[in-house]
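J.: This one is input32.csv, CSV, C-alpha atoms.
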```
chain,number,residue,atom,x,y,z
P,1,MET,CA,107.2,127.9,109.1
P,2,GLU,CA,110.7,126.9,108.2
P,3,VAL,CA,112.0,124.1,106.1
P,4,ILE,CA,115.1,122.7,107.7
P,5,ASN,CA,115.8,119.9,105.2
P,6,GLU,CA,113.6,119.4,102.2
P,7,ASN,CA,115.1,116.0,101.4
P,8,ALA,CA,116.1,114.4,104.7
P,9,ALA,CA,115.4,110.9,103.5
P,10,MET,CA,113.8,108.9,100.7
P,11,LEU,CA,110.8,106.8,101.5
P,12,SER,CA,109.7,103.6,99.8
P,13,ASN,CA,106.1,103.3,98.6
P,14,TYR,CA,105.7,100.5,101.2
P,15,GLU,CA,106.5,102.8,104.1
P,16,VAL,CA,104.2,105.5,102.9
P,17,LEU,CA,101.4,103.0,102.4
P,18,THR,CA,101.8,101.6,105.9
P,19,LEU,CA,101.8,105.1,107.4
P,20,LEU,CA,98.7,106.2,105.6
P,21,LYS,CA,96.8,103.0,106.4
P,22,GLU,CA,97.7,103.5,110.1
P,23,LEU,CA,96.5,107.1,109.9
P,24,GLN,CA,93.2,106.0,108.4
P,25,SER,CA,92.6,103.4,111.0
P,26,GLN,CA,93.4,105.9,113.8
P,27,ASN,CA,91.0,108.5,112.3
P,28,GLY,CA,88.3,105.9,111.9
P,29,ALA,CA,88.6,104.7,115.5
P,30,SER,CA,88.6,108.1,117.1
P,31,LYS,CA,86.0,109.7,114.9
P,32,GLY,CA,83.5,110.0,117.6
P,33,LYS,CA,85.7,112.4,119.6
P,34,SER,CA,86.6,115.2,117.3
P,35,GLY,CA,84.0,114.6,114.7
P,36,LYS,CA,85.9,116.9,112.4
P,37,ILE,CA,86.8,114.9,109.3
P,38,GLN,CA,89.9,116.7,108.0
P,39,GLN,CA,88.9,116.9,104.4
P,40,ASN,CA,92.3,117.5,102.9
P,41,LEU,CA,94.0,114.7,104.8
P,42,ALA,CA,91.2,112.4,104.0
P,43,THR,CA,91.3,113.2,100.3
P,44,ILE,CA,95.0,113.0,99.9
P,45,SER,CA,95.4,109.8,101.9
P,46,TYR,CA,92.5,108.1,100.1
P,47,GLU,CA,93.9,108.9,96.7
P,48,THR,CA,97.5,108.0,97.6
P,49,VAL,CA,96.4,104.7,99.2
P,50,THR,CA,94.3,103.9,96.1
P,51,TYR,CA,97.3,104.6,93.9
P,52,LEU,CA,99.8,102.6,96.0
P,53,GLU,CA,97.5,99.6,96.3
P,54,LYS,CA,97.9,99.1,92.6
P,55,THR,CA,101.6,98.9,92.9
P,56,PRO,CA,103.7,95.9,94.0
P,57,CYS,CA,104.5,97.5,97.3
P,58,LYS,CA,101.2,96.1,98.6
P,59,TYR,CA,102.8,92.7,99.1
P,60,GLN,CA,106.0,93.8,100.7
P,61,SER,CA,107.1,93.7,104.3
P,62,PRO,CA,110.2,95.0,106.2
P,63,GLU,CA,111.8,91.6,106.1
P,64,ILE,CA,111.3,91.3,102.4
P,65,ILE,CA,112.8,94.7,101.8
P,66,GLN,CA,115.8,94.0,104.0
P,67,LYS,CA,116.4,90.7,102.2
P,68,LEU,CA,116.3,92.5,98.9
P,69,LEU,CA,118.7,95.2,99.9
P,70,GLN,CA,121.1,92.6,101.2
P,71,GLU,CA,121.0,90.7,97.9
P,72,LEU,CA,121.4,93.9,95.9
P,73,ALA,CA,124.6,94.8,97.8
P,74,PRO,CA,127.0,93.1,95.3
P,75,PHE,CA,125.6,95.0,92.4
P,76,SER,CA,126.8,98.4,93.7
P,77,LEU,CA,123.7,100.4,92.8
P,78,THR,CA,122.9,103.9,94.0
P,79,LYS,CA,120.2,104.4,96.6
P,80,ALA,CA,117.8,105.9,94.1
P,81,GLU,CA,118.2,102.9,91.8
P,82,LYS,CA,117.5,100.4,94.6
P,83,LEU,CA,114.5,102.4,95.6
P,84,GLN,CA,113.1,102.4,92.0
P,85,LEU,CA,113.7,98.6,91.8
P,86,LEU,CA,111.8,98.2,95.1
P,87,ASN,CA,108.9,100.4,94.0
P,88,HIS,CA,108.4,99.0,90.5
P,89,CYS,CA,109.5,95.3,90.6
P,90,PRO,CA,110.8,95.2,87.1
P,91,THR,CA,110.5,91.9,85.2
P,92,THR,CA,112.2,92.7,81.9
P,93,ALA,CA,115.6,93.9,80.9
P,94,VAL,CA,114.1,97.0,79.3
P,95,GLU,CA,112.8,98.2,82.6
P,96,ILE,CA,116.2,97.6,84.3
P,97,GLN,CA,117.8,99.7,81.6
P,98,LEU,CA,115.4,102.5,82.3
P,99,MET,CA,115.9,102.5,86.0
P,100,ILE,CA,119.6,101.9,86.2
P,101,GLU,CA,121.7,104.5,84.5
P,102,GLU,CA,124.3,103.2,82.0
P,103,SER,CA,123.3,99.7,82.8
P,104,GLU,CA,124.9,98.4,79.6
P,105,GLU,CA,128.3,99.7,80.8
P,106,ARG,CA,127.9,98.8,84.5
P,107,LEU,CA,126.3,95.5,84.2
P,108,SER,CA,126.8,92.6,81.8
P,109,GLU,CA,123.9,90.7,80.4
P,110,GLU,CA,124.5,88.0,82.9
P,111,GLU,CA,124.3,90.4,85.7
P,112,ILE,CA,121.1,91.9,84.4
P,113,ASP,CA,119.6,88.4,84.4
P,114,LYS,CA,120.9,87.7,87.9
P,115,LEU,CA,119.4,91.0,89.0
P,116,LEU,CA,116.0,90.1,87.5
P,117,ASP,CA,116.3,86.8,89.2
P,118,VAL,CA,117.0,88.4,92.6
P,119,ILE,CA,114.0,90.7,92.2
P,120,ALA,CA,111.7,87.9,91.2
P,121,ARG,CA,112.8,85.8,94.1
P,122,CYS,CA,112.7,88.4,96.8
P,123,LEU,CA,109.7,90.5,95.9
P,124,PRO,CA,106.4,88.9,95.7
P,125,GLY,CA,104.9,90.3,92.5
P,126,GLU,CA,101.2,90.6,91.9
P,127,PRO,CA,99.9,87.0,91.6
P,128,GLU,CA,97.7,88.4,88.8
P,129,GLU,CA,100.7,88.8,86.4
P,130,GLU,CA,101.7,85.2,86.8
P,131,GLN,CA,98.2,84.0,86.7
P,132,GLU,CA,97.6,85.7,83.4
P,133,GLY,CA,100.7,84.1,82.0
P,134,GLU,CA,99.4,80.7,83.0
P,135,GLY,CA,95.8,81.4,82.2
P,136,GLU,CA,96.4,82.7,78.7
P,137,GLY,CA,96.8,79.3,77.1
P,138,GLU,CA,93.8,78.0,78.8
P,139,GLU,CA,90.8,80.3,79.0
P,140,GLU,CA,90.6,83.8,77.6
P,141,GLY,CA,87.4,85.2,79.0
P,142,LEU,CA,88.4,84.7,82.5
P,143,VAL,CA,90.9,87.5,82.8
P,144,GLY,CA,88.2,89.9,83.9
P,145,GLU,CA,87.1,87.4,86.5
P,146,GLU,CA,90.6,86.8,87.7
P,147,GLU,CA,90.8,90.5,88.5
P,148,GLU,CA,87.6,90.5,90.4
P,149,GLY,CA,88.6,87.4,92.2
P,150,GLN,CA,91.6,89.1,93.7
P,151,GLU,CA,90.0,90.2,97.0
P,152,GLU,CA,90.8,87.8,99.7
P,153,GLY,CA,88.2,85.2,100.2
P,154,GLU,CA,86.7,85.6,96.9
P,155,GLU,CA,87.5,82.7,94.7
P,156,GLU,CA,85.6,81.3,91.8
P,157,GLU,CA,85.3,77.7,90.8
P,158,GLY,CA,87.7,76.8,88.1
P,159,VAL,CA,86.2,74.6,85.5
P,160,GLN,CA,88.8,72.1,84.4
P,161,GLY,CA,91.3,73.6,86.7
P,162,GLU,CA,92.1,76.9,85.0
P,163,GLU,CA,90.9,79.5,87.5
P,164,GLU,CA,93.7,80.7,89.7
P,165,GLY,CA,91.9,83.4,91.7
P,166,ASP,CA,94.4,83.0,94.5
P,167,LYS,CA,94.5,84.3,98.0
P,168,GLU,CA,96.5,87.4,97.4
P,169,GLY,CA,99.1,88.7,99.8
P,170,GLU,CA,98.9,85.6,102.0
P,171,ASP,CA,100.4,83.2,99.6
P,172,GLY,CA,102.8,85.5,97.9
P,173,GLU,CA,105.4,82.8,98.0
P,174,ASP,CA,103.2,80.2,96.6
P,175,GLU,CA,103.0,81.8,93.2
P,176,GLN,CA,105.6,79.4,91.8
P,177,GLU,CA,103.5,76.5,93.0
P,178,ASP,CA,100.5,77.8,91.2
P,179,GLU,CA,100.8,75.3,88.5
P,180,GLU,CA,100.8,72.5,90.9
P,181,MET,CA,97.9,74.0,92.9
P,182,GLU,CA,95.8,74.4,89.8
P,183,ALA,CA,94.9,70.8,89.6
P,184,GLU,CA,94.1,70.7,93.2
P,185,GLU,CA,92.0,73.9,93.2
P,186,ALA,CA,89.9,72.6,90.4
P,187,ILE,CA,87.9,70.9,93.0
P,188,GLU,CA,87.9,73.7,95.6
P,189,VAL,CA,85.0,75.9,95.5
P,190,ILE,CA,85.1,78.9,97.8
P,191,GLU,CA,82.4,81.4,97.3
P,192,ASP,CA,81.8,84.7,99.1
H,193,MET,CA,108.6,109.1,94.8
H,194,PHE,CA,108.2,110.2,98.3
H,195,VAL,CA,110.7,112.0,100.5
H,196,LEU,CA,110.8,113.0,104.1
H,197,ALA,CA,111.1,116.8,104.7
H,198,GLU,CA,112.2,118.1,108.1
H,199,MET,CA,110.3,121.3,109.0
H,200,THR,CA,109.7,123.4,112.0
H,201,ASP,CA,106.7,125.6,112.8
H,202,THR,CA,105.0,127.3,115.7
H,203,VAL,CA,101.7,125.6,116.1
H,204,ARG,CA,98.8,127.5,117.6
H,205,ILE,CA,96.4,125.3,119.6
H,206,GLU,CA,93.1,126.9,120.4
H,207,PRO,CA,91.6,126.4,123.9
H,208,TRP,CA,88.8,124.1,122.8
H,209,LEU,CA,91.5,121.6,121.8
H,210,PHE,CA,93.2,121.6,125.2
H,211,HIS,CA,91.4,118.4,126.2
H,212,LEU,CA,93.4,116.5,123.7
H,213,LYS,CA,96.9,115.2,124.3
H,214,LEU,CA,99.4,117.8,123.1
H,215,ASN,CA,100.8,115.4,120.4
H,216,ASP,CA,97.4,114.7,119.0
H,217,ALA,CA,96.4,118.3,118.9
H,218,ILE,CA,99.6,119.2,117.1
H,219,LYS,CA,99.2,116.4,114.7
H,220,PHE,CA,95.7,117.6,114.0
H,221,GLU,CA,96.8,121.2,113.4
H,222,LEU,CA,99.7,120.2,111.2
H,223,HIS,CA,97.5,118.0,109.0
H,224,LYS,CA,95.0,120.8,108.8
H,225,LYS,CA,97.7,123.2,107.6
H,226,LEU,CA,99.8,121.0,105.3
H,227,ALA,CA,98.0,117.9,104.0
H,228,ASN,CA,97.3,118.0,100.3
H,229,LYS,CA,99.1,121.4,100.0
H,230,VAL,CA,102.1,122.3,98.0
H,231,VAL,CA,105.0,123.9,99.8
H,232,HIS,CA,107.2,126.0,97.5
H,233,ASN,CA,110.4,124.2,96.5
H,234,VAL,CA,109.5,121.2,98.7
H,235,GLY,CA,106.7,119.3,97.0
H,236,LEU,CA,103.2,118.1,97.7
H,237,CYS,CA,102.7,117.4,101.4
H,238,ILE,CA,100.9,114.1,102.1
H,239,ALA,CA,100.9,113.4,105.8
H,240,LEU,CA,102.8,113.8,109.0
H,241,HIS,CA,105.5,111.2,109.6
H,242,ASP,CA,106.4,112.0,113.1
H,243,ILE,CA,107.2,114.8,115.6
H,244,THR,CA,110.9,114.9,116.4
H,245,LYS,CA,111.0,117.7,119.0
H,246,LEU,CA,108.6,119.7,121.0
H,247,ASP,CA,109.7,122.9,122.6
H,248,ASP,CA,107.9,124.5,125.5
H,249,SER,CA,104.4,125.9,125.0
H,250,HIS,CA,103.7,129.5,125.7
H,251,VAL,CA,100.5,131.5,126.1
H,252,ILE,CA,100.9,135.0,124.7
H,253,PRO,CA,99.0,137.8,126.4
H,254,GLY,CA,95.9,138.7,124.6
H,255,ASP,CA,95.6,135.3,122.9
H,256,GLY,CA,94.1,132.4,124.8
H,257,ALA,CA,95.7,129.8,122.5
H,258,SER,CA,99.0,128.1,123.3
H,259,HIS,CA,101.9,128.4,120.9
H,260,THR,CA,104.3,125.5,120.6
H,261,LYS,CA,107.4,125.3,118.4
H,262,VAL,CA,107.4,121.9,116.8
H,263,HIS,CA,110.1,120.1,114.8
H,264,PHE,CA,108.6,117.4,112.7
H,265,ARG,CA,109.0,115.3,109.6
H,266,TYR,CA,106.5,115.3,106.8
H,267,VAL,CA,106.0,112.8,104.0
H,268,VAL,CA,106.2,114.8,100.8
H,269,PHE,CA,105.6,113.7,97.2
H,270,ARG,CA,108.5,114.9,95.1
H,271,PRO,CA,109.9,112.5,92.5
H,272,PHE,CA,113.5,113.1,91.6
H,273,ILE,CA,114.5,114.0,88.1
H,274,GLU,CA,115.0,110.9,86.0
H,275,GLU,CA,112.6,108.9,88.1
H,276,ILE,CA,110.3,106.4,86.4
H,277,LEU,CA,106.6,106.7,87.4
H,278,VAL,CA,103.5,104.9,86.2
H,279,GLY,CA,100.3,107.0,85.8
H,280,ARG,CA,97.1,107.1,83.9
H,281,ILE,CA,96.4,109.3,80.8
H,282,ARG,CA,94.0,111.9,81.8
H,283,SER,CA,93.6,113.7,78.5
H,284,CYS,CA,95.4,114.5,75.3
H,285,SER,CA,95.6,117.9,73.7
H,286,ARG,CA,97.9,119.8,71.3
H,287,GLU,CA,100.1,120.7,74.2
H,288,GLY,CA,100.8,117.1,74.9
H,289,VAL,CA,99.6,114.2,77.0
H,290,HIS,CA,98.3,115.0,80.5
H,291,VAL,CA,99.0,112.2,83.0
H,292,SER,CA,97.5,111.8,86.4
H,293,LEU,CA,98.6,109.8,89.4
H,294,GLY,CA,95.3,110.0,91.2
H,295,PHE,CA,96.6,112.1,94.0
H,296,PHE,CA,98.6,114.4,91.7
H,297,ASP,CA,97.3,115.6,88.4
H,298,ASP,CA,99.7,118.2,87.0
H,299,ILE,CA,101.9,116.1,84.8
H,300,LEU,CA,102.4,117.0,81.2
H,301,ILE,CA,104.4,115.1,78.5
H,302,PRO,CA,105.1,117.7,75.8
H,303,PRO,CA,104.9,116.6,72.1
H,304,ASP,CA,108.7,116.5,71.5
H,305,SER,CA,109.1,114.1,74.4
H,306,LEU,CA,106.8,111.5,72.9
H,307,GLN,CA,108.2,108.5,71.1
H,308,GLN,CA,109.7,109.3,67.8
H,309,VAL,CA,107.2,109.9,65.1
H,310,SER,CA,104.1,110.7,67.0
H,311,ARG,CA,101.2,112.6,65.6
H,312,PHE,CA,98.1,114.2,67.0
H,313,ASP,CA,94.9,112.7,65.6
H,314,GLU,CA,92.3,115.5,65.4
H,315,THR,CA,89.2,113.4,65.0
H,316,GLU,CA,89.8,111.4,68.1
H,317,GLN,CA,91.8,114.0,69.9
H,318,VAL,CA,94.5,111.6,70.9
H,319,TRP,CA,98.2,111.3,70.3
H,320,VAL,CA,99.3,108.3,68.2
H,321,TRP,CA,102.7,106.7,68.0
H,322,GLN,CA,103.6,105.6,64.5
H,323,TYR,CA,105.7,102.6,65.3
H,324,GLU,CA,107.7,101.3,62.4
H,325,SER,CA,108.7,97.7,62.2
H,326,GLU,CA,109.5,95.2,59.4
H,327,ASP,CA,105.8,94.7,58.6
H,328,GLY,CA,105.1,98.4,58.2
H,329,THR,CA,103.9,101.2,60.3
H,330,HIS,CA,101.6,100.5,63.2
H,331,ASP,CA,99.4,103.2,64.8
H,332,LEU,CA,99.5,102.9,68.5
H,333,PHE,CA,96.9,105.1,70.1
H,334,MET,CA,97.4,106.7,73.5
H,335,ASP,CA,93.8,106.4,74.8
H,336,ILE,CA,92.4,107.9,77.9
H,337,ASN,CA,92.7,105.9,81.2
H,338,GLU,CA,95.5,103.8,79.8
H,339,GLU,CA,98.4,103.2,82.2
H,340,ILE,CA,101.5,104.9,81.1
H,341,ARG,CA,105.1,104.6,82.3
H,342,PHE,CA,107.1,107.9,82.0
H,343,LYS,CA,110.3,109.5,83.1
H,344,VAL,CA,110.3,112.8,85.1
H,345,VAL,CA,112.4,115.3,83.2
H,346,ASP,CA,111.6,118.5,85.0
H,347,GLU,CA,109.7,120.0,87.8
H,348,VAL,CA,108.3,123.5,88.0
H,349,PHE,CA,107.4,125.3,91.2
H,350,VAL,CA,105.3,128.5,90.9
H,351,ASP,CA,104.9,130.7,93.9
H,352,THR,CA,101.2,131.3,94.1
H,353,THR,CA,101.1,133.4,97.2
H,354,PRO,CA,98.7,136.3,96.8
H,355,VAL,CA,100.2,139.5,95.6
H,356,GLY,CA,99.7,142.4,98.0
H,357,PRO,CA,98.2,145.8,97.0
H,358,GLU,CA,101.1,147.3,95.2
H,359,ASP,CA,101.2,150.1,92.7
H,360,LEU,CA,101.0,148.2,89.4
H,361,ALA,CA,102.1,149.9,86.3
H,362,GLU,CA,99.5,148.1,84.3
H,363,PRO,CA,95.8,148.5,85.0
H,364,VAL,CA,94.6,146.1,87.6
H,365,GLN,CA,93.0,143.1,86.1
H,366,ASP,CA,89.8,142.1,87.7
H,367,PRO,CA,90.2,138.4,88.5
H,368,LEU,CA,86.5,137.9,88.2
H,369,LEU,CA,86.3,139.1,84.6
H,370,GLU,CA,89.5,137.7,83.2
H,371,ASN,CA,89.9,134.0,82.6
H,372,GLN,CA,93.4,133.8,84.0
H,373,PRO,CA,94.9,130.4,83.5
H,374,LYS,CA,95.2,128.8,86.9
H,375,LYS,CA,98.8,128.3,87.5
H,376,SER,CA,99.4,125.1,89.5
H,377,PRO,CA,102.0,125.5,92.2
H,378,TYR,CA,103.8,122.3,91.4
H,379,SER,CA,103.9,120.6,88.0
H,380,LEU,CA,106.0,117.9,86.4
H,381,VAL,CA,107.2,117.5,82.9
H,382,GLY,CA,107.6,114.0,81.7
H,383,SER,CA,109.0,112.2,78.8
H,384,ILE,CA,108.3,108.8,77.1
H,385,SER,CA,111.0,109.0,74.4
H,386,GLU,CA,113.0,106.0,75.5
H,387,PRO,CA,112.6,102.3,75.0
H,388,GLY,CA,110.4,100.9,77.7
H,389,LEU,CA,108.5,104.1,78.3
H,390,GLY,CA,104.9,104.7,77.2
H,391,LEU,CA,101.8,102.7,77.5
H,392,LEU,CA,102.4,99.5,79.6
H,393,THR,CA,100.7,97.5,76.9
H,394,TRP,CA,103.4,98.5,74.3
H,395,TRP,CA,106.1,96.7,76.2
H,396,THR,CA,104.7,93.5,77.6
```
So, in terms of C-alpha cells, how does the structure I just supplied come out?

T.:
Amino acid sequence: MEVINENAAMLSNYEVLTLLKELQSQNGASKGKSGKIQQNLATISYETVTYLEKTPCKYQSPEIIQKLLQELAPFSLTKAEKLQLLNHCPTTAVEIQLMIEESEERLSEEEIDKLLDVIARCLPGEPEEEQEGEGEGEEEGLVGEEEEGQEEGEEEEGVQGEEEGDKEGEDGEDEQEDEEMEAEEAIEVIED
Amino acid sequence: MFVLAEMTDTVRIEPWLFHLKLNDAIKFELHKKLANKVVHNVGLCIALHDITKLDDSHVIPGDGASHTKVHFRYVVFRPFIEEILVGRIRSCSREGVHVSLGFFDDILIPPDSLQQVSRFDETEQVWVWQYESEDGTHDLFMDINEEIRFKVVDEVFVDTTPVGPEDLAEPVQDPLLENQPKKSPYSLVGSISEPGLGLLTWWT
C-alpha cells in the first residue's frame, strides 16, 4: 500500500458527518446481503458520529457553509483558521484569539466584533445555548429538561411560557425569534 | 480535524465476493483493512471517501482471487499542530490529564502545559488549577467527564509493526511475562496554558 498524498485536502466536520451517516444508512439497508457487520468500521463511525453530533456542525448545510466562506473573504484568514471557525462556531473574543493567530495584530477590536457577528448570523448555533441564556432568569431546574427536550418532536409544556424545548435543526433560523415565540408556546403542548 | 489522504493499494477480492459489484467489494475490503486503524505518519483512518481510479483486475495463477490496483481517498483523523479541539477528561494522573474524543483516546496534556499554577490533588487524584483573582485563590478542579478545550501541540507516531526474528543482543523478552507498556501508534500532546483553554465551564 502506498500513500500518495497524506494531506490532499482538509475536511470540515460537517462533510465527515454526512459521509458517515450515509455509510451507516447504506450498511443498514443492505445488511441482509453480506450479513458481515464490519466491526471496525461500525465502531469508528459510531464513535465519530456520536462526537460530531455534539458539535455545531450538526446544523450546517452546504449553503450555509458557502455563505459563511463568502462573508469571511474580506477578513483574509488562512484556510485552517476558516475551518476552525466553521467547526467550532466561537461566540467570544477569547475563542477567536485562540483560533486566529496574532489576531490582535491582524484584526482590530471592531473587526473581531464584526467577525463574531458574521459567525452568529451565518452559522446556526445550538438552540440550547441561546435557550439557556433566556431560560436562566426564569427557571433554573429546567436546564436538564431542556437538554432532554432537544430531540425533534419532544417538547414539554412550558409553565408560564419559559420552556423553550425547540424543534432543533428545523428552526435554526428562528432562534432569534425565540423570545417572541415563548409567549405563544406557553399554550402549545406537544408530547411524544 | 479530518484530512483526506490519497492512497493506492492492490485489493484482493476473494471469489465468494464476486457476486458484488466491483466497487462495493473494493469498498468492503478497504474498510476491512483500514477503518479504525492508524497508518504510520498519516493518522487514524476513519472511512473511505471515494475511489478515484480503478485499474484492470488480474487473476494470478495459483490464486483464485482477483487483484485490482485501486486509487482512493480516505478520511483520516489528523489534527494539525496548533488546532483547537474539544474533548472529555478521561482520567488524571501524575503524568498529566488524559483526554478522550470518543473515537480517539490517546491525548495527554502534560503537567507543564496546564494553566499556570496547577497542582495535583492526591486525595481526589485530579489536577487543580489555582486561579488567582482579586478576591483570592480559587481552586478549579478538573473533574472526570468534563468537557475540555485544548490545543494540539505535538503528535507522536510510533511504528508498531512486529519485529522479525533477528539476533538480539539482549536476551529475548517473553511478551507474556513482561508487562510491556503498550505503545499507542498515534498519540497527541495537548496544552491548555493559554486563555480560553481548559474546561469549557471556566470561560463561559

J.: List the spatial neighbours of Asn87 in chain P as a list of chain:residue names - criterion: any atom at most 7 Å away, all atoms listed in the file, same-chain residues fewer than 6 positions off excluded.

T.: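 With the cut-off at 7 Å, the set is P:Ser12, P:Asn13, P:Pro56, P:Cys57.
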
J.: Would you mind reading off the distance between CA of Lys224 in chain H and CA of Ser25 in chain P, one decimal, in Å?

T.: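 That distance, rounded to one decimal, is 17.7 Å.
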
J.: Could you please tell me, as a PyMOL selection string, which residues of chain P have an atom within 8 Å of chain H when using only C-alpha atoms?

T.: chain P and resi 1-13+16+19-20+38+40-41+43-45+47-48+50-51+84+94-95+98-99

J.: Check which residues of range 1-90 of chain P sit at most 10 Å from range 103-125 of chain P using only C-alpha atoms, and return one row each with the closest pair of atoms and their distance in Å to one decimal, ordered by chain and rising number, as a Markdown table.

T.:
```
| residue | atom | partner | partner_atom | distance |
| --- | --- | --- | --- | --- |
| P:Thr55 | CA | P:Gly125 | CA | 9.2 |
| P:Pro56 | CA | P:Gly125 | CA | 5.9 |
| P:Cys57 | CA | P:Gly125 | CA | 8.7 |
| P:Lys58 | CA | P:Gly125 | CA | 9.2 |
| P:Tyr59 | CA | P:Pro124 | CA | 6.2 |
| P:Gln60 | CA | P:Leu123 | CA | 6.9 |
| P:Ser61 | CA | P:Leu123 | CA | 9.4 |
| P:Glu63 | CA | P:Cys122 | CA | 9.9 |
| P:Ile64 | CA | P:Cys122 | CA | 6.5 |
| P:Ile65 | CA | P:Leu123 | CA | 7.9 |
| P:Gln66 | CA | P:Cys122 | CA | 9.6 |
| P:Lys67 | CA | P:Cys122 | CA | 6.9 |
| P:Leu68 | CA | P:Cys122 | CA | 5.8 |
| P:Leu69 | CA | P:Cys122 | CA | 9.6 |
| P:Glu71 | CA | P:Val118 | CA | 7.0 |
| P:Leu72 | CA | P:Leu115 | CA | 7.7 |
| P:Phe75 | CA | P:Leu115 | CA | 8.1 |
| P:Ser76 | CA | P:Arg106 | CA | 9.3 |
| P:Leu77 | CA | P:Arg106 | CA | 9.4 |
| P:Leu85 | CA | P:Ile119 | CA | 7.9 |
| P:Leu86 | CA | P:Leu123 | CA | 8.0 |
| P:His88 | CA | P:Gly125 | CA | 9.6 |
| P:Cys89 | CA | P:Ile119 | CA | 6.6 |
| P:Pro90 | CA | P:Leu116 | CA | 7.3 |
```

J.: Could you write those residues out with C-alpha atoms, as a CSV table (one decimal), in the coordinates of the input?

T.:
```csv
chain,number,residue,atom,x,y,z
P,55,THR,CA,101.6,98.9,92.9
P,56,PRO,CA,103.7,95.9,94.0
P,57,CYS,CA,104.5,97.5,97.3
P,58,LYS,CA,101.2,96.1,98.6
P,59,TYR,CA,102.8,92.7,99.1
P,60,GLN,CA,106.0,93.8,100.7
P,61,SER,CA,107.1,93.7,104.3
P,63,GLU,CA,111.8,91.6,106.1
P,64,ILE,CA,111.3,91.3,102.4
P,65,ILE,CA,112.8,94.7,101.8
P,66,GLN,CA,115.8,94.0,104.0
P,67,LYS,CA,116.4,90.7,102.2
P,68,LEU,CA,116.3,92.5,98.9
P,69,LEU,CA,118.7,95.2,99.9
P,71,GLU,CA,121.0,90.7,97.9
P,72,LEU,CA,121.4,93.9,95.9
P,75,PHE,CA,125.6,95.0,92.4
P,76,SER,CA,126.8,98.4,93.7
P,77,LEU,CA,123.7,100.4,92.8
P,85,LEU,CA,113.7,98.6,91.8
P,86,LEU,CA,111.8,98.2,95.1
P,88,HIS,CA,108.4,99.0,90.5
P,89,CYS,CA,109.5,95.3,90.6
P,90,PRO,CA,110.8,95.2,87.1
```

J.: Could you tell me how far CA of Pro354 in chain H sits from CA of Leu222 in chain H, in Å to one decimal place?

T.: 21.6 Å

J.: With a distance cut-off of 7 Å and all atoms listed in the file, select the neighbouring residues of range 374-377 of chain H, excluding the residue or stretch itself and same-chain residues fewer than 6 positions from it, and output the selection as a list in words.

T.: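 Listing them by chain and then by number gives Val230, Phe349, Val350, Asp351 and Thr352 of chain H.
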
J.: For a quick check of understanding, using only C-alpha atoms, which of P:Ile100, P:Ala42, P:Ala29, P:Leu52 has the smallest distance to Leu83 in chain P?

T.: P:Ile100

J.: In Å, with one decimal, what is the gap from CA of Val318 in chain H to CA of Ser379 in chain H?

T.: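 The value is 21.5 Å.
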
J.: Excluding Ser385 in chain H and residues on its chain fewer than 3 positions from it, collect all residues at most 12 Å away from it, counting only C-alpha atoms, and give them as a list of chain:residue names.

T.: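 Listed by chain and then number, they are P:Leu98, H:Ile301, H:Pro302, H:Pro303, H:Asp304, H:Ser305, H:Leu306, H:Gln307, H:Gln308, H:Val309, H:Ser310, H:Trp321, H:Arg341, H:Phe342, H:Lys343, H:Val344, H:Val345, H:Gly382, H:Gly388, H:Leu389, H:Gly390, H:Leu391.
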
J.: Between H:Asp313, H:Asp248, H:Asp297, H:Glu347, which is the closest to His232 in chain H once you count all atoms listed in the file?

T.: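 Result for the nearest residue to His232 in chain H: H:Glu347.
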
J.: Just checking: using all atoms listed in the file, which residue out of H:Leu214, H:Ile273, H:Leu380, H:Leu332 ends up closest to Val291 in chain H?

T.: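 Under the stated criterion, the closest residue is H:Leu380.
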
J.: Should you be able to, write range 89-96 of chain P of this structure into a file that contains N, CA, C and O atoms, as an mmCIF file, in the first residue's frame.

T.:
```cif
data_model
loop_
_atom_site.group_PDB
_atom_site.id
_atom_site.type_symbol
_atom_site.label_atom_id
_atom_site.label_comp_id
_atom_site.auth_asym_id
_atom_site.auth_seq_id
_atom_site.Cartn_x
_atom_site.Cartn_y
_atom_site.Cartn_z
ATOM 1 N N CYS P 89 -17.667 27.345 15.772
ATOM 2 C CA CYS P 89 -18.654 28.405 15.979
ATOM 3 C C CYS P 89 -18.359 29.203 17.234
ATOM 4 O O CYS P 89 -19.132 29.189 18.193
ATOM 5 N N PRO P 90 -17.247 29.910 17.281
ATOM 6 C CA PRO P 90 -16.913 30.656 18.503
ATOM 7 C C PRO P 90 -17.891 31.790 18.742
ATOM 8 O O PRO P 90 -18.399 32.403 17.807
ATOM 9 N N THR P 91 -18.153 32.047 19.995
ATOM 10 C CA THR P 91 -19.083 33.126 20.330
ATOM 11 C C THR P 91 -18.399 34.240 21.110
ATOM 12 O O THR P 91 -18.994 35.276 21.352
ATOM 13 N N THR P 92 -17.165 34.019 21.558
ATOM 14 C CA THR P 92 -16.497 35.047 22.349
ATOM 15 C C THR P 92 -15.170 35.439 21.696
ATOM 16 O O THR P 92 -14.610 34.701 20.898
ATOM 17 N N ALA P 93 -14.699 36.613 22.101
ATOM 18 C CA ALA P 93 -13.451 37.124 21.526
ATOM 19 C C ALA P 93 -12.272 36.252 21.921
ATOM 20 O O ALA P 93 -11.305 36.095 21.174
ATOM 21 N N VAL P 94 -12.342 35.650 23.119
ATOM 22 C CA VAL P 94 -11.245 34.787 23.585
ATOM 23 C C VAL P 94 -11.049 33.618 22.631
ATOM 24 O O VAL P 94 -9.926 33.272 22.262
ATOM 25 N N GLU P 95 -12.168 33.031 22.221
ATOM 26 C CA GLU P 95 -12.071 31.891 21.313
ATOM 27 C C GLU P 95 -11.481 32.312 19.978
ATOM 28 O O GLU P 95 -10.693 31.593 19.376
ATOM 29 N N ILE P 96 -11.866 33.504 19.513
ATOM 30 C CA ILE P 96 -11.323 33.995 18.240
ATOM 31 C C ILE P 96 -9.814 34.150 18.362
ATOM 32 O O ILE P 96 -9.055 33.776 17.480
#
```
